[in-house]
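A.B. asks: Sharing a structure, written as structure tokens. Questions coming.
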Amino acid sequence: MNARAPYRELTAAALIFGVLLGAAMTAAFVFVGLKLGFTLPGSTVAAILGFAVLRGLLRRGSIVENNINQTVASGVNSASAGIAFTLPALFILGVCDPELRDFGPLPVILSAIAGSFLGIVFIIPLRKQMIELERLRFPSGIAVATLLRSPGAGIRQAKLLAGGFAVAAFFHTLAGLGVIHEEIEIGSALGLPAYIPIAVGVSFASLGAGLLAGRGGLPFVLGGMLAWWVLAPAMVELEWAPSPAELGGAAGAPYEAFVQWPLVYSEMLRPLGIGILIGGALTGVIASAPALRAAMRSLGAAQKAGSGDEMSPRVLYAGVAAAFVVLFVAAMLSGDIGAGRALVTATVGTVWLALAGMIVAQATGMTDITPISGMSLVGVTLMFFLSGGNVVAAIILGVAVSIGIGQCADMMQDLKSGHLIGATPKRQQIAQFAVAWIGVPVAVGVTYLLWQSYESPGFGVPGAPLSAPQGAALASVIDSLRAGSSQLDKYAAGTAIGLGLGIFPISGAAVLVGLAMYLPFYITMTYGVGCFAAMALEAKLGKRWIGDTLVPIAAGLIIGEALTSLTVVLVQLGTGSA
Amino acid sequence: MKHVGVVILCVGVAIAAAYGARLSPPMRAQMVARGEAAMRAAATRAARDAYCAALAGELDAAPDRVRALAAEDECELPGAEAAASAEAATGANVAAICSARGASGSTYDAVVTEARATLERRAQAPTDGLAVSTRELRARWLAAARAEVEPAARAALLQPVAPEARLTSWLAESGLLFALGLALVVVGAVLGRVAARREAHAAPARPAGEAPAARDLGALLDDLHALVAALAEEAARASAPSDADFDALKDRIHEVVLEKVEPIVDAAPRVQAKYGLARFADVFGPLSSGERYLNRAWSALVDRHWEEATRSLARAAADLEHARAALSEASSG
């Protein structure tokens, strides 16, 4: 690199390549989301592809320039999950309800862009809070930083990274091809019923996240154990769950399956977990108010000192105001709800997005798991009630919430990577601001195209070419809401527990416990194995060994699974086996 | 006190979560209906799978009869995948989907009557030519399906419990014990907070053989600042650095981050509890910024950009000086 030239960071090449990569990923990930019901880890995939092209093929770009490229690509792509998981519900509900077909793309696009920008501006103070002060791990952020640093980290670290990558890629390929199970169930071998699961998911990304979290992830694991090893059997033992005789049958696999999923998980633990997440975040806002104020003060001071590192707090205020206005306009355009309701829904939507963004950022920071669907569900429920039961407005504003919180999680991962390689946060945020809107028309366009390119509905209904599982699930929730049903009691109880837990002096404990109840146990267990392994290794080999050896291995595991997921999905779609 | 707090908190969380998750009586009644339907459906599915497998086994012996019954009973036959996908490619049957969705508007009697009529029509289908065991399996399946009709109709036509009703009936059933659990959570959490504060103000424990200064955050910060300032000066003095200079400086920065920054980061919870969040932020904000600039210097050295590395080291030293000043201010006031 020419030493007299400025150090390359925010460059046209990084922006343009990032936008192209991000747009391609958006289109592909929307399709994958509609076909399979999940998307892939955008930041990690963008980092791998960008790194391979810029550093590998083109032999150019500095480490921080690579980071900008990945920030841009994943920023563009962060619209894909938000759109693929929410907007299809409106198409699906419209199949049998002509009143719901009368919506155009404009309010959807406006709402999505507003959500996208809100997600970025809310991160401005949260970056200082969560990355600099709380020092949350953001495992994928560490993985990406390890990848970006690999050219200078030496042969040993490169080998460890490659080793982790190879292990994850090997086992994830076997799982993807159905050669091995994606979940290893030990409980049934021990004679335990299915509702007391001892199961580990074959996910080396979760294992890697646990390895990076170490002791910090313990509340998550303990929360899962409490939920599934104490509460679930107690509920059956105390006959809070209907007995087999009440259900007209005998104890056995069908009974256990019913108790485990539709009953204990869907009706009891999951909504309670969502409530705990909300309560924990509310206490978190109150408890961290002094630090947030200090963060804002330091942002202002950095501006005055002309350090050029931090985005001005004015951007936060102006961004929130502008996005709020756009959200209000989207609400007005999305249905006949009147200015008053539109104002209330836009206001609550903005506040909820901030809170949910904080929850998601914290959950991602501690576990690498992003509970977007749960937060979007609460968002759509809120919008539904506030808009007076207007389904179109609820979903269109729900799109903003979904995209916004996805943007929060993505941006925080990128900023964590940036911190570890010494990137300038302001440049990353400027790059994200410049491109965040681009993914929206791409994702909305692909969704419309896929809906209309078949003779009958393109997704989400029986017989359609694409199943759109998340959109169909949201449509079913909205059907329940329209019928007057909502899990209000569980959300309220969970929120109260979360508020109480938030007082405990372990930052994020409530969010971790809530997340443990919100997720199936095999995910928590895999992560827990990583946590316990990291604790044991640290006790035996010391902290230095963790930094020098375990971090690159764990990063390799996360990156390996991300890239293999992409490859397996592409192969499955290509061969028609998905 | 810390351990007592943790125990009370855990017991409280368990009680509050258990009673918080407990279903209200109307919801439990709904789950009984849904559970009965699910159990019956599982029994029907198992009987149908056994029958369809037996039917498929007779494909060679009586192909026409087996194909006709498979179509009537919706059994998949070997090699029928292509036909199934061809059917899917014709797209969704919107009328049928909307008709099924509209079932919730039907009456219980109408749903039951329609389901029974379908089963009776199936029961009339000729089965001659099939083995006795297959016919018996088919009869078992149809019997299971008949037993499923009423529970399935009851589950499909459940009226939702209004959110307010769910809340009030849950409170009446579980509210008291839930409140007890919640109170324990709060007591445990407060005890934990008090214990953490006391620990922070107590003198830090010193492992045997470790110098007193090594445990003192101020001393650690001074040490770190001195090292980084020296690196910055050294970098600024170098006029034509060689590849070896780049690598050596990079390795030294790596050592500083691992050996000097990490111990300070470990002290974060103690600083937070001792000085409060605002003061903690005043110290750890610039410290983190300094750490980021150290990382930037490392990256610049990998990219062979000595000027950027020099600038970044100088900036890191300045940030660490701010952090030290903020700590002094917090200690004095």
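For the structure tokens, the naming scheme is as follows: chains receive sequential letters (A, B, ...) according to their order of presentation, residues are indexed from 1 within each chain, and ligands are indexed from 1 in presentation order.
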Using only C-alpha atoms, which chain B residues lie at most 7 Å away from chain A, written as number ranges by chain?
C.D. replies: B: 16, 18, 20-22, 32, 35-36, 39, 42, 88-89, 91-92, 98, 160-163, 166-167, 170, 182, 185-186, 189-190, 192-193, 258, 277-278, 281-282, 284-285, 288, 292-293, 295-296, 299, 302-308
A.B. asks: May I have the residues from that selection written out with N, CA and C atoms, as a compact mmCIF listing (two decimals), in the first residue's frame?
C.D. replies:
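Dumped to selection_2.txt:
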```txt
# COMPACT_ATOMS: atom_id res chain seq x y z
N ALA B 16 -42.25 -17.56 40.09
CA ALA B 16 -42.95 -16.57 39.26
C ALA B 16 -43.12 -17.09 37.82
N ALA B 18 -43.20 -20.24 36.86
CA ALA B 18 -44.16 -21.36 36.84
C ALA B 18 -45.59 -20.83 36.88
N GLY B 20 -46.54 -17.79 36.33
CA GLY B 20 -46.77 -16.90 35.19
C GLY B 20 -47.13 -17.68 33.94
N ALA B 21 -46.51 -18.84 33.80
CA ALA B 21 -46.77 -19.65 32.60
C ALA B 21 -48.05 -20.47 32.71
N ARG B 22 -48.51 -20.66 33.94
CA ARG B 22 -49.70 -21.51 34.14
C ARG B 22 -50.90 -20.96 33.36
N VAL B 32 -57.36 -28.63 26.49
CA VAL B 32 -57.88 -30.01 26.57
C VAL B 32 -58.52 -30.38 25.23
N GLY B 35 -55.83 -30.68 22.65
CA GLY B 35 -55.02 -31.87 22.91
C GLY B 35 -55.74 -33.14 22.50
N GLU B 36 -57.02 -33.19 22.81
CA GLU B 36 -57.79 -34.40 22.43
C GLU B 36 -57.79 -34.55 20.91
N MET B 39 -54.36 -35.74 19.81
CA MET B 39 -54.12 -37.17 20.11
C MET B 39 -54.87 -38.05 19.12
N ALA B 42 -53.20 -37.93 15.79
CA ALA B 42 -51.99 -38.76 15.76
C ALA B 42 -52.36 -40.23 15.58
N ALA B 88 -48.83 -30.09 -7.84
CA ALA B 88 -48.50 -28.86 -7.12
C ALA B 88 -48.23 -27.73 -8.09
N ALA B 89 -47.60 -28.08 -9.24
CA ALA B 89 -47.26 -27.05 -10.21
C ALA B 89 -48.49 -26.39 -10.81
N GLY B 91 -50.67 -25.19 -9.18
CA GLY B 91 -50.95 -24.04 -8.33
C GLY B 91 -51.98 -24.31 -7.28
N ALA B 92 -52.20 -23.25 -6.48
CA ALA B 92 -53.10 -23.37 -5.34
C ALA B 92 -54.55 -23.30 -5.78
N CYS B 98 -60.08 -20.93 0.55
CA CYS B 98 -60.97 -19.97 1.21
C CYS B 98 -62.17 -20.68 1.82
N PRO B 160 -62.24 -17.97 20.66
CA PRO B 160 -61.08 -17.45 21.39
C PRO B 160 -61.50 -16.79 22.71
N VAL B 161 -60.59 -16.92 23.69
CA VAL B 161 -60.85 -16.24 24.96
C VAL B 161 -60.30 -14.82 24.83
N ALA B 162 -61.12 -13.84 25.14
CA ALA B 162 -60.70 -12.44 24.99
C ALA B 162 -59.49 -12.15 25.89
N PRO B 163 -58.57 -11.29 25.45
CA PRO B 163 -57.37 -11.02 26.24
C PRO B 163 -57.67 -10.60 27.68
N ARG B 166 -58.65 -13.58 29.67
CA ARG B 166 -57.48 -14.41 29.96
C ARG B 166 -56.71 -13.84 31.15
N LEU B 167 -56.53 -12.53 31.11
CA LEU B 167 -55.75 -11.88 32.16
C LEU B 167 -56.43 -12.00 33.52
N TRP B 170 -56.52 -15.63 34.77
CA TRP B 170 -55.17 -16.07 35.18
C TRP B 170 -54.79 -15.44 36.53
N LEU B 182 -42.65 -13.12 42.43
CA LEU B 182 -42.13 -11.84 41.94
C LEU B 182 -41.46 -11.06 43.08
N VAL B 185 -38.14 -12.44 43.63
CA VAL B 185 -37.23 -11.98 42.57
C VAL B 185 -36.67 -10.61 42.93
N VAL B 186 -37.57 -9.71 43.34
CA VAL B 186 -37.15 -8.34 43.64
C VAL B 186 -36.22 -8.34 44.86
N ALA B 189 -32.87 -9.76 43.88
CA ALA B 189 -32.14 -8.84 43.00
C ALA B 189 -31.59 -7.66 43.80
N VAL B 190 -32.38 -7.14 44.73
CA VAL B 190 -31.91 -6.00 45.53
C VAL B 190 -30.74 -6.45 46.42
N GLY B 192 -28.67 -8.79 45.82
CA GLY B 192 -27.53 -8.95 44.92
C GLY B 192 -26.88 -7.62 44.61
N ARG B 193 -27.71 -6.60 44.41
CA ARG B 193 -27.19 -5.26 44.08
C ARG B 193 -26.42 -4.67 45.26
N LEU B 258 -3.51 -7.77 24.65
CA LEU B 258 -3.83 -8.99 25.41
C LEU B 258 -3.39 -8.92 26.86
N LEU B 277 -22.76 4.42 37.14
CA LEU B 277 -22.68 4.22 35.69
C LEU B 277 -22.11 5.42 34.94
N ALA B 278 -22.49 6.63 35.38
CA ALA B 278 -22.05 7.80 34.63
C ALA B 278 -20.54 7.95 34.70
N ALA B 281 -18.83 5.32 32.73
CA ALA B 281 -18.82 5.64 31.29
C ALA B 281 -17.74 6.66 30.98
N ASP B 282 -17.53 7.61 31.89
CA ASP B 282 -16.50 8.63 31.64
C ASP B 282 -15.10 8.01 31.55
N PHE B 284 -14.51 4.44 30.98
CA PHE B 284 -14.41 3.36 30.00
C PHE B 284 -14.70 3.81 28.56
N GLY B 285 -15.36 4.95 28.39
CA GLY B 285 -15.57 5.49 27.03
C GLY B 285 -14.23 5.76 26.37
N SER B 288 -12.08 2.58 25.87
CA SER B 288 -12.46 1.77 24.71
C SER B 288 -12.02 2.42 23.41
N ARG B 292 -9.63 0.88 20.62
CA ARG B 292 -9.98 0.83 19.19
C ARG B 292 -8.83 1.40 18.35
N TYR B 293 -8.22 2.47 18.84
CA TYR B 293 -7.11 3.04 18.07
C TYR B 293 -5.89 2.13 18.08
N ASN B 295 -6.17 -1.07 18.02
CA ASN B 295 -6.55 -2.05 16.98
C ASN B 295 -6.35 -1.47 15.58
N ARG B 296 -6.65 -0.18 15.44
CA ARG B 296 -6.48 0.46 14.13
C ARG B 296 -5.00 0.51 13.76
N SER B 299 -4.09 -2.85 12.48
CA SER B 299 -4.58 -3.08 11.11
C SER B 299 -3.74 -2.31 10.10
N VAL B 302 -0.54 -4.06 9.40
CA VAL B 302 -0.74 -5.21 8.49
C VAL B 302 -0.84 -4.71 7.05
N ASP B 303 -1.52 -3.55 6.89
CA ASP B 303 -1.68 -2.98 5.54
C ASP B 303 -0.47 -2.14 5.12
N ARG B 304 0.58 -2.18 5.92
CA ARG B 304 1.84 -1.47 5.61
C ARG B 304 1.63 0.04 5.46
N HIS B 305 0.88 0.62 6.39
CA HIS B 305 0.64 2.06 6.38
C HIS B 305 1.16 2.63 7.68
N TRP B 306 2.46 2.97 7.68
CA TRP B 306 3.13 3.40 8.92
C TRP B 306 2.53 4.70 9.46
N GLU B 307 2.22 5.65 8.56
CA GLU B 307 1.70 6.95 9.02
C GLU B 307 0.40 6.77 9.80
N GLU B 308 -0.50 5.92 9.28
CA GLU B 308 -1.77 5.72 9.96
C GLU B 308 -1.54 5.04 11.31
```
A.B. asks: So what do you get for atom CA of B:Leu221 versus atom CA of B:Ala196, distance-wise?
C.D. replies: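 Computing it gives 23.0 Å between the two atoms.
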A.B. asks: Quick one: everything within 12 Å of A:Gly210, counting only C-alpha atoms, minus sequence neighbours fewer than 3 positions away in the same chain. Send it as number ranges by chain.
C.D. replies: A: 137-140, 203-207, 213-221, 365-369, 523-535, 550-551, 554-555, 557-558
A.B. asks: Quick one: write out the picked residues with N, CA and C atoms as a short mmCIF file (atom, residue, chain, number, x, y, z; two decimals), in the first residue's frame?
C.D. replies:
```
data_model
loop_
_atom_site.label_atom_id
_atom_site.label_comp_id
_atom_site.auth_asym_id
_atom_site.auth_seq_id
_atom_site.Cartn_x
_atom_site.Cartn_y
_atom_site.Cartn_z
N ARG A 137 -20.27 -9.44 23.67
CA ARG A 137 -19.36 -10.23 22.81
C ARG A 137 -19.68 -10.12 21.31
N PHE A 138 -20.95 -10.12 20.95
CA PHE A 138 -21.34 -10.16 19.52
C PHE A 138 -20.50 -11.21 18.78
N PRO A 139 -20.75 -12.49 19.05
CA PRO A 139 -19.87 -13.55 18.51
C PRO A 139 -19.64 -13.47 17.00
N SER A 140 -20.68 -13.18 16.23
CA SER A 140 -20.45 -13.09 14.78
C SER A 140 -19.57 -11.90 14.45
N SER A 203 -25.14 -27.52 15.62
CA SER A 203 -24.87 -26.19 15.10
C SER A 203 -23.55 -25.71 15.68
N PHE A 204 -22.54 -25.71 14.84
CA PHE A 204 -21.23 -25.28 15.33
C PHE A 204 -21.16 -23.77 15.46
N ALA A 205 -22.12 -23.06 14.82
CA ALA A 205 -22.17 -21.61 15.02
C ALA A 205 -22.64 -21.32 16.45
N SER A 206 -23.66 -22.07 16.92
CA SER A 206 -24.13 -21.89 18.31
C SER A 206 -23.03 -22.28 19.28
N LEU A 207 -22.34 -23.37 18.97
CA LEU A 207 -21.24 -23.81 19.84
C LEU A 207 -20.16 -22.74 19.89
N ALA A 213 -18.76 -16.64 24.38
CA ALA A 213 -19.46 -15.98 25.50
C ALA A 213 -18.90 -16.43 26.85
N GLY A 214 -18.57 -17.71 26.99
CA GLY A 214 -18.03 -18.22 28.26
C GLY A 214 -18.99 -18.01 29.41
N ARG A 215 -18.45 -17.55 30.54
CA ARG A 215 -19.25 -17.39 31.76
C ARG A 215 -20.43 -16.43 31.55
N GLY A 216 -20.26 -15.44 30.69
CA GLY A 216 -21.30 -14.45 30.46
C GLY A 216 -22.60 -15.05 29.93
N GLY A 217 -22.52 -16.22 29.33
CA GLY A 217 -23.72 -16.83 28.76
C GLY A 217 -24.48 -17.71 29.74
N LEU A 218 -23.96 -17.83 30.97
CA LEU A 218 -24.57 -18.77 31.91
C LEU A 218 -26.05 -18.52 32.21
N PRO A 219 -26.48 -17.25 32.41
CA PRO A 219 -27.91 -17.05 32.68
C PRO A 219 -28.81 -17.62 31.58
N PHE A 220 -28.30 -17.58 30.36
CA PHE A 220 -29.06 -18.12 29.23
C PHE A 220 -29.25 -19.63 29.38
N VAL A 221 -28.15 -20.30 29.69
CA VAL A 221 -28.21 -21.76 29.84
C VAL A 221 -29.06 -22.13 31.06
N GLY A 365 -25.82 -9.50 21.07
CA GLY A 365 -24.51 -9.25 21.67
C GLY A 365 -24.09 -10.35 22.63
N MET A 366 -25.05 -10.91 23.33
CA MET A 366 -24.70 -11.91 24.33
C MET A 366 -24.72 -13.34 23.79
N THR A 367 -25.56 -13.60 22.79
CA THR A 367 -25.73 -15.00 22.37
C THR A 367 -25.59 -15.23 20.86
N ASP A 368 -25.59 -14.17 20.08
CA ASP A 368 -25.60 -14.28 18.62
C ASP A 368 -26.98 -14.70 18.08
N ILE A 369 -27.96 -14.75 18.97
CA ILE A 369 -29.31 -15.14 18.53
C ILE A 369 -30.17 -13.88 18.47
N ILE A 523 -31.27 -25.48 21.04
CA ILE A 523 -30.42 -24.36 20.65
C ILE A 523 -29.65 -23.87 21.88
N THR A 524 -30.39 -23.73 23.00
CA THR A 524 -29.76 -23.26 24.23
C THR A 524 -28.67 -24.23 24.70
N MET A 525 -28.96 -25.53 24.57
CA MET A 525 -28.01 -26.55 25.05
C MET A 525 -26.68 -26.49 24.29
N THR A 526 -26.78 -26.36 22.96
CA THR A 526 -25.56 -26.31 22.16
C THR A 526 -24.70 -25.13 22.59
N TYR A 527 -25.38 -24.00 22.75
CA TYR A 527 -24.69 -22.78 23.20
C TYR A 527 -24.09 -23.03 24.59
N GLY A 528 -24.86 -23.70 25.46
CA GLY A 528 -24.41 -23.97 26.82
C GLY A 528 -23.17 -24.85 26.85
N VAL A 529 -23.13 -25.84 25.96
CA VAL A 529 -21.93 -26.70 25.88
C VAL A 529 -20.70 -25.82 25.60
N GLY A 530 -20.89 -24.86 24.70
CA GLY A 530 -19.80 -23.93 24.38
C GLY A 530 -19.38 -23.11 25.60
N CYS A 531 -20.38 -22.60 26.32
CA CYS A 531 -20.08 -21.77 27.52
C CYS A 531 -19.27 -22.57 28.53
N PHE A 532 -19.76 -23.78 28.85
CA PHE A 532 -19.09 -24.60 29.87
C PHE A 532 -17.69 -25.00 29.40
N ALA A 533 -17.57 -25.33 28.12
CA ALA A 533 -16.25 -25.71 27.59
C ALA A 533 -15.28 -24.53 27.72
N ALA A 534 -15.77 -23.32 27.39
CA ALA A 534 -14.89 -22.14 27.46
C ALA A 534 -14.46 -21.89 28.91
N MET A 535 -15.40 -22.05 29.85
CA MET A 535 -15.07 -21.82 31.27
C MET A 535 -14.01 -22.82 31.73
N LEU A 550 -8.62 -20.07 21.32
CA LEU A 550 -10.05 -20.43 21.24
C LEU A 550 -10.83 -19.47 20.34
N VAL A 551 -10.48 -18.17 20.41
CA VAL A 551 -11.23 -17.19 19.61
C VAL A 551 -11.15 -17.51 18.10
N ALA A 554 -13.30 -20.64 17.41
CA ALA A 554 -14.73 -20.34 17.48
C ALA A 554 -15.18 -19.52 16.28
N ALA A 555 -14.32 -18.56 15.89
CA ALA A 555 -14.65 -17.74 14.71
C ALA A 555 -14.75 -18.62 13.47
N LEU A 557 -15.63 -21.72 13.40
CA LEU A 557 -16.88 -22.50 13.48
C LEU A 557 -18.06 -21.66 12.97
N ILE A 558 -18.11 -20.39 13.41
CA ILE A 558 -19.24 -19.52 13.01
C ILE A 558 -19.19 -19.26 11.50
#
```
A.B. asks: Which of stretch 153-318 of chain A end up as alpha helix (DSSP H) when DSSP is run on this backbone - answer as a PyMOL selection string?
C.D. replies: chain A and resi 155-176+204-213+218-225+232-237+253-258+270-287+289-304+313-318
A.B. asks: Mind checking which residues fall within 8 Å of B:Phe246, counting only C-alpha atoms, ignoring those fewer than 2 positions away in the same chain, and posting them as a PyMOL selection string?
C.D. replies: chain B and resi 241-244+248-250+301-302+304+306
A.B. asks: Please identify all polymer residues within 9 Å of B:Leu69, counting only C-alpha atoms, omitting same-chain residues fewer than 6 positions from it, and present them as a list in words.
C.D. replies: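 Surrounding residues, per the criterion: Leu55, Cys75, Arg122, Ala125, Pro126 and Thr127 of chain B.
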A.B. asks: Only N, CA and C atoms, please: the residues just picked out, written as a PDB file, in the first residue's frame.
C.D. replies:
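Result file part14.pdb:
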```pdb
ATOM      1  N   LEU B  55     -51.146 -50.998   1.541  1.00  0.00           N
ATOM      2  CA  LEU B  55     -51.742 -50.815   0.208  1.00  0.00           C
ATOM      3  C   LEU B  55     -50.644 -50.750  -0.864  1.00  0.00           C
ATOM      4  N   CYS B  75     -53.385 -41.851  -0.370  1.00  0.00           N
ATOM      5  CA  CYS B  75     -52.134 -42.532  -0.023  1.00  0.00           C
ATOM      6  C   CYS B  75     -51.119 -42.281  -1.140  1.00  0.00           C
ATOM      7  N   ARG B 122     -65.907 -42.843   1.702  1.00  0.00           N
ATOM      8  CA  ARG B 122     -64.680 -43.652   1.616  1.00  0.00           C
ATOM      9  C   ARG B 122     -64.976 -45.099   2.000  1.00  0.00           C
ATOM     10  N   ALA B 125     -66.126 -47.397  -0.679  1.00  0.00           N
ATOM     11  CA  ALA B 125     -65.247 -47.732  -1.817  1.00  0.00           C
ATOM     12  C   ALA B 125     -64.964 -49.232  -1.831  1.00  0.00           C
ATOM     13  N   PRO B 126     -65.054 -49.873  -3.027  1.00  0.00           N
ATOM     14  CA  PRO B 126     -64.815 -51.316  -3.082  1.00  0.00           C
ATOM     15  C   PRO B 126     -63.358 -51.660  -2.745  1.00  0.00           C
ATOM     16  N   THR B 127     -63.213 -52.711  -1.946  1.00  0.00           N
ATOM     17  CA  THR B 127     -61.858 -53.131  -1.546  1.00  0.00           C
ATOM     18  C   THR B 127     -61.574 -54.569  -1.953  1.00  0.00           C
TER      19      THR B 127
END
```
A.B. asks: Name the residues in contact with stretch 321-333 of chain A at a cut-off of 8 Å, using only C-alpha atoms, excluding same-chain residues fewer than 2 positions from it; report them as a PyMOL selection string.
C.D. replies: chain A and resi 106-108+110-111+114-115+117-118+317-319+335-339+342-343+345-347+350+393+396-397+400
A.B. asks: I need the residues from that last selection saved to file as a JSON list (two decimals), in the first residue's frame (with N, CA and C atoms), if you can.
C.D. replies:
```json
[["chain", "number", "residue", "atom", "x", "y", "z"],
["A", 106, "LEU", "N", -46.15, 1.58, -2.38],
["A", 106, "LEU", "CA", -45.57, 2.81, -1.84],
["A", 106, "LEU", "C", -45.55, 2.85, -0.30],
["A", 107, "PRO", "N", -46.71, 2.63, 0.38],
["A", 107, "PRO", "CA", -46.62, 2.67, 1.84],
["A", 107, "PRO", "C", -45.70, 1.61, 2.43],
["A", 108, "VAL", "N", -45.64, 0.45, 1.78],
["A", 108, "VAL", "CA", -44.74, -0.60, 2.26],
["A", 108, "VAL", "C", -43.29, -0.11, 2.18],
["A", 110, "LEU", "N", -42.18, 3.01, 1.94],
["A", 110, "LEU", "CA", -41.94, 4.13, 2.87],
["A", 110, "LEU", "C", -41.73, 3.61, 4.29],
["A", 111, "SER", "N", -42.63, 2.71, 4.71],
["A", 111, "SER", "CA", -42.55, 2.18, 6.06],
["A", 111, "SER", "C", -41.23, 1.42, 6.27],
["A", 114, "ALA", "N", -38.36, 3.87, 6.51],
["A", 114, "ALA", "CA", -38.38, 4.54, 7.82],
["A", 114, "ALA", "C", -37.84, 3.61, 8.89],
["A", 115, "GLY", "N", -38.27, 2.35, 8.88],
["A", 115, "GLY", "CA", -37.80, 1.38, 9.87],
["A", 115, "GLY", "C", -36.30, 1.17, 9.77],
["A", 117, "PHE", "N", -33.99, 3.26, 8.65],
["A", 117, "PHE", "CA", -33.22, 4.40, 9.18],
["A", 117, "PHE", "C", -33.35, 4.50, 10.69],
["A", 118, "LEU", "N", -34.55, 4.19, 11.21],
["A", 118, "LEU", "CA", -34.71, 4.23, 12.68],
["A", 118, "LEU", "C", -33.76, 3.23, 13.33],
["A", 317, "TYR", "N", -31.37, 12.80, 16.63],
["A", 317, "TYR", "CA", -32.65, 13.50, 16.78],
["A", 317, "TYR", "C", -33.31, 13.73, 15.42],
["A", 318, "ALA", "N", -32.51, 14.23, 14.46],
["A", 318, "ALA", "CA", -33.07, 14.53, 13.14],
["A", 318, "ALA", "C", -33.54, 13.24, 12.46],
["A", 319, "GLY", "N", -32.76, 12.18, 12.61],
["A", 319, "GLY", "CA", -33.11, 10.90, 11.98],
["A", 319, "GLY", "C", -34.41, 10.35, 12.54],
["A", 335, "GLY", "N", -54.13, 2.73, 4.94],
["A", 335, "GLY", "CA", -55.52, 2.33, 5.17],
["A", 335, "GLY", "C", -56.30, 3.49, 5.73],
["A", 336, "ASP", "N", -57.56, 3.29, 5.82],
["A", 336, "ASP", "CA", -58.44, 4.37, 6.26],
["A", 336, "ASP", "C", -58.46, 4.40, 7.79],
["A", 337, "ILE", "N", -57.34, 4.87, 8.39],
["A", 337, "ILE", "CA", -57.29, 4.82, 9.85],
["A", 337, "ILE", "C", -57.37, 6.22, 10.49],
["A", 338, "GLY", "N", -57.31, 7.26, 9.69],
["A", 338, "GLY", "CA", -57.42, 8.62, 10.23],
["A", 338, "GLY", "C", -56.10, 9.11, 10.80],
["A", 339, "ALA", "N", -55.99, 10.46, 10.87],
["A", 339, "ALA", "CA", -54.73, 11.07, 11.28],
["A", 339, "ALA", "C", -54.40, 10.74, 12.74],
["A", 342, "ALA", "N", -53.17, 7.22, 13.03],
["A", 342, "ALA", "CA", -51.89, 7.14, 12.33],
["A", 342, "ALA", "C", -50.78, 7.72, 13.21],
["A", 343, "LEU", "N", -51.10, 8.83, 13.88],
["A", 343, "LEU", "CA", -50.12, 9.47, 14.76],
["A", 343, "LEU", "C", -49.76, 8.55, 15.93],
["A", 345, "THR", "N", -50.14, 5.24, 16.11],
["A", 345, "THR", "CA", -49.42, 4.03, 15.67],
["A", 345, "THR", "C", -47.97, 4.36, 15.31],
["A", 346, "ALA", "N", -47.77, 5.52, 14.64],
["A", 346, "ALA", "CA", -46.39, 5.89, 14.28],
["A", 346, "ALA", "C", -45.57, 6.16, 15.54],
["A", 347, "THR", "N", -46.18, 6.79, 16.54],
["A", 347, "THR", "CA", -45.45, 7.10, 17.78],
["A", 347, "THR", "C", -45.10, 5.81, 18.52],
["A", 350, "THR", "N", -42.52, 3.78, 16.72],
["A", 350, "THR", "CA", -41.15, 4.29, 16.88],
["A", 350, "THR", "C", -40.58, 3.90, 18.25],
["A", 393, "ALA", "N", -52.66, -1.72, 7.83],
["A", 393, "ALA", "CA", -51.79, -0.78, 8.56],
["A", 393, "ALA", "C", -50.89, -1.53, 9.53],
["A", 396, "ILE", "N", -48.12, -3.29, 7.55],
["A", 396, "ILE", "CA", -47.20, -2.34, 6.91],
["A", 396, "ILE", "C", -46.31, -1.68, 7.97],
["A", 397, "LEU", "N", -46.89, -1.33, 9.12],
["A", 397, "LEU", "CA", -46.05, -0.75, 10.18],
["A", 397, "LEU", "C", -45.20, -1.84, 10.83],
["A", 400, "ALA", "N", -41.92, -2.09, 9.20],
["A", 400, "ALA", "CA", -40.93, -1.12, 9.70],
["A", 400, "ALA", "C", -40.24, -1.64, 10.94]]
```
A.B. asks: Compare B:Ala273, B:Ala115, B:Leu184, B:Leu220 by their minimum atom-to-atom distance to B:His201, counting only C-alpha atoms, and give me the closest one.
C.D. replies: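 Nearest candidate to B:His201 out of B:Ala273, B:Ala115, B:Leu184, B:Leu220: B:Ala273.
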A.B. asks: Atom CA of A:Arg314 and atom CA of B:Gly290 are how many Å apart?
C.D. replies: 24.3 Å
